[in-house]
2 protein chains.
Amino acid sequence: MAIRYPNGKKYVPVQKLGQQKKTNLSFSNRGKTLEDELNETNEFYLSRSMAVIHKKPVPIQVVNVNYPARSAAVITEAYFRTPSTTDYNGLWKGKYIDFEAKETKSATSFPLQNIHEHQVNHMKSVSKQGGITFFILKFTSLDRYFITPYVFFEKYWERMISGGRKSITLDEVMEMSTEIKPGFNPRLDYLQAVSALAASYETIERQEDV
Amino acid sequence: MAIRYPNGKKYVPVQKLGQQKKTNLSFSNRGKTLEDELNETNEFYLSRSMAVIHKKPVPIQVVNVNYPARSAAVITEAYFRTPSTTDYNGLWKGKYIDFEAKETKSATSFPLQNIHEHQVNHMKSVSKQGGITFFILKFTSLDRYFITPYVFFEKYWERMISGGRKSITLDEVMEMSTEIKPGFNPRLDYLQAVSALAASYETIERQEDV
């Protein structure tokens, strides 16, 4: 099934190497997309053997390909597909990590319409199977970042499903999340927050065992 | 960097729904690709809450997109990219699972040229970080399937790097792998073999602890 680009926005092609990115101002980290920040962070983690976490490629249905002689195959017709899982997953200290990263321009609430139902279902499955799953939410206008565990997010998704508001207020996000501050290297040290999260999961499990 | 399709073959577009696949003979499972078999198996695992394992999308660099009024965005120029990780990963009983699936028509050895160096590097990182990583190798002409742990595969890769043979003989594959038999549902119960593998890892760890 072919659809518009998953996040509802028009596709902006990747800049060619050597060509200055308009949004990447050299004097500031403002203007970097959350995806750029996470790619940098994941490269940092990988290079220090701290974690192996990658962004999955955007799912694309290829319909037509040309094979010019002596050069690379060119895809001439293809369509964006809806992703069936989250964008990021991997491994950290033997633990399975799975998350979705989203940004909003709103300063007051986080809209839920850019999160797909099958992504939420995927996170539910991961959570049941013992994985660590969460959102990284960025309020771009506030320059604030939150790690929101799926287990706490769930009730706001269900509120929407049952006819309630289609967003989560900033207060609600703050209450259920760990806020992280952007830095230089790594840009967004989300695993530090996840570490606390994993420890609290283990405490819960130990309590249940008793 | 744009290249030919990662497995070196020309791209065969997905069949339209309702259109009979020429290779999918109704009286036999022969002719199914390994990818089809693994997708079926992973759906089976997911539907029974046994594991959450997905194939990653093929990485594609999009260069041009058209936005016709009132219909889906059409990608009109794009290129296949080299994958930087393995094709499959996910979660099983709280453990991180990561593998690459490859098939060969050869009846005597498994060629290494379709395995990319960065895939092998990725598996090395996963292995170091405590994940379970392996190959699923299919000899199509023999209808035989093997689960080959990365830790055993490594020395044959190094043999090639240091100028040795560019393939692994069937005997070598048999010696270091667990053979699995295809079935009806799940089609390829690879987690059963992985289960034994995980247990043997734990035994090694316990022995190292003593």
# chains A, B, ... in the order shown; residues from 1 in each chain; ligands from 1
>>> interface_residues(of="chain A", to="chain B", cutoff="7 Å", atoms="only C-alpha atoms", output="VMD selection string")
chain A and resid 2 to 4 13 51 to 52 56 to 59 62 to 64 72 to 79 91 to 96 125 to 126 129 to 131
>>> residues_around(residues="Leu38 in chain A", least_positions_apart="3", cutoff="9 Å", atoms="only C-alpha atoms", output="ChimeraX atom specification")
/A:33-35,41-43,55,101,187-188
>>> write_last_selection(atoms="all heavy atoms", output="JSON list (two decimals), in the first residue's frame")
[["chain", "number", "residue", "atom", "x", "y", "z"],
["A", 33, "THR", "N", 18.12, 18.31, 13.16],
["A", 33, "THR", "CA", 16.92, 17.51, 13.41],
["A", 33, "THR", "C", 17.23, 16.50, 14.50],
["A", 33, "THR", "O", 18.39, 16.15, 14.74],
["A", 33, "THR", "CB", 16.47, 16.76, 12.15],
["A", 33, "THR", "OG1", 17.49, 15.81, 11.82],
["A", 33, "THR", "CG2", 16.22, 17.69, 10.99],
["A", 34, "LEU", "N", 16.18, 16.02, 15.12],
["A", 34, "LEU", "CA", 16.33, 14.98, 16.14],
["A", 34, "LEU", "C", 17.02, 13.76, 15.55],
["A", 34, "LEU", "O", 17.85, 13.12, 16.19],
["A", 34, "LEU", "CB", 14.94, 14.63, 16.71],
["A", 34, "LEU", "CG", 14.89, 13.61, 17.84],
["A", 34, "LEU", "CD1", 15.78, 13.99, 19.00],
["A", 34, "LEU", "CD2", 13.44, 13.43, 18.32],
["A", 35, "GLU", "N", 16.69, 13.45, 14.28],
["A", 35, "GLU", "CA", 17.33, 12.31, 13.62],
["A", 35, "GLU", "C", 18.84, 12.49, 13.52],
["A", 35, "GLU", "O", 19.60, 11.57, 13.82],
["A", 35, "GLU", "CB", 16.72, 12.09, 12.22],
["A", 35, "GLU", "CG", 17.33, 10.89, 11.54],
["A", 35, "GLU", "CD", 16.71, 10.56, 10.18],
["A", 35, "GLU", "OE1", 15.52, 10.90, 9.95],
["A", 35, "GLU", "OE2", 17.42, 9.97, 9.35],
["A", 41, "THR", "N", 24.71, 10.53, 18.11],
["A", 41, "THR", "CA", 24.80, 9.86, 19.42],
["A", 41, "THR", "C", 25.06, 8.37, 19.24],
["A", 41, "THR", "O", 25.92, 7.79, 19.91],
["A", 41, "THR", "CB", 23.50, 10.09, 20.20],
["A", 41, "THR", "OG1", 23.27, 11.49, 20.30],
["A", 41, "THR", "CG2", 23.57, 9.48, 21.59],
["A", 42, "ASN", "N", 24.33, 7.75, 18.31],
["A", 42, "ASN", "CA", 24.49, 6.31, 18.10],
["A", 42, "ASN", "C", 25.87, 5.97, 17.55],
["A", 42, "ASN", "O", 26.44, 4.94, 17.91],
["A", 42, "ASN", "CB", 23.38, 5.78, 17.19],
["A", 42, "ASN", "CG", 22.03, 5.79, 17.89],
["A", 42, "ASN", "OD1", 21.96, 5.77, 19.11],
["A", 42, "ASN", "ND2", 20.96, 5.83, 17.10],
["A", 43, "GLU", "N", 26.41, 6.85, 16.71],
["A", 43, "GLU", "CA", 27.78, 6.64, 16.22],
["A", 43, "GLU", "C", 28.78, 6.72, 17.37],
["A", 43, "GLU", "O", 29.73, 5.95, 17.44],
["A", 43, "GLU", "CB", 28.15, 7.69, 15.16],
["A", 43, "GLU", "CG", 27.66, 7.30, 13.77],
["A", 43, "GLU", "CD", 27.80, 8.44, 12.77],
["A", 43, "GLU", "OE1", 28.75, 9.27, 12.91],
["A", 43, "GLU", "OE2", 26.96, 8.53, 11.85],
["A", 55, "LYS", "N", 19.26, 3.32, 13.25],
["A", 55, "LYS", "CA", 17.97, 3.69, 12.70],
["A", 55, "LYS", "C", 17.65, 2.73, 11.56],
["A", 55, "LYS", "O", 18.53, 2.43, 10.75],
["A", 55, "LYS", "CB", 18.01, 5.12, 12.16],
["A", 55, "LYS", "CG", 16.65, 5.60, 11.68],
["A", 55, "LYS", "CD", 16.70, 7.04, 11.21],
["A", 55, "LYS", "CE", 15.28, 7.52, 10.91],
["A", 55, "LYS", "NZ", 14.65, 6.82, 9.76],
["A", 101, "ALA", "N", 11.46, 8.12, 17.84],
["A", 101, "ALA", "CA", 11.84, 9.51, 18.11],
["A", 101, "ALA", "C", 10.90, 10.44, 17.37],
["A", 101, "ALA", "O", 10.66, 10.26, 16.17],
["A", 101, "ALA", "CB", 13.28, 9.75, 17.67],
["A", 187, "ARG", "N", 25.81, 13.87, 21.75],
["A", 187, "ARG", "CA", 24.84, 14.95, 21.62],
["A", 187, "ARG", "C", 23.65, 14.76, 22.56],
["A", 187, "ARG", "O", 23.21, 15.69, 23.22],
["A", 187, "ARG", "CB", 24.38, 15.00, 20.16],
["A", 187, "ARG", "CG", 23.26, 15.95, 19.85],
["A", 187, "ARG", "CD", 23.65, 17.39, 20.10],
["A", 187, "ARG", "NE", 22.52, 18.28, 19.86],
["A", 187, "ARG", "CZ", 22.41, 19.48, 20.40],
["A", 187, "ARG", "NH1", 23.34, 19.95, 21.21],
["A", 187, "ARG", "NH2", 21.36, 20.22, 20.15],
["A", 188, "LEU", "N", 23.10, 13.54, 22.59],
["A", 188, "LEU", "CA", 21.92, 13.27, 23.41],
["A", 188, "LEU", "C", 22.14, 11.97, 24.17],
["A", 188, "LEU", "O", 21.85, 10.90, 23.64],
["A", 188, "LEU", "CB", 20.69, 13.07, 22.52],
["A", 188, "LEU", "CG", 19.85, 14.26, 22.13],
["A", 188, "LEU", "CD1", 18.62, 13.76, 21.40],
["A", 188, "LEU", "CD2", 19.46, 15.10, 23.34]]
>>> select_by_dssp(residues="range 26-179 of chain A", states="helix (DSSP H, G or I)", output="ChimeraX atom specification")
/A:34-47,117-128,150-161,170-176
>>> residues_around(residues="Pro149 in chain B", least_positions_apart="2", cutoff="7 Å", atoms="only C-alpha atoms", output="JSON, numbers by chain")
{"B": [133, 134, 135, 147, 151, 152, 153, 177]}
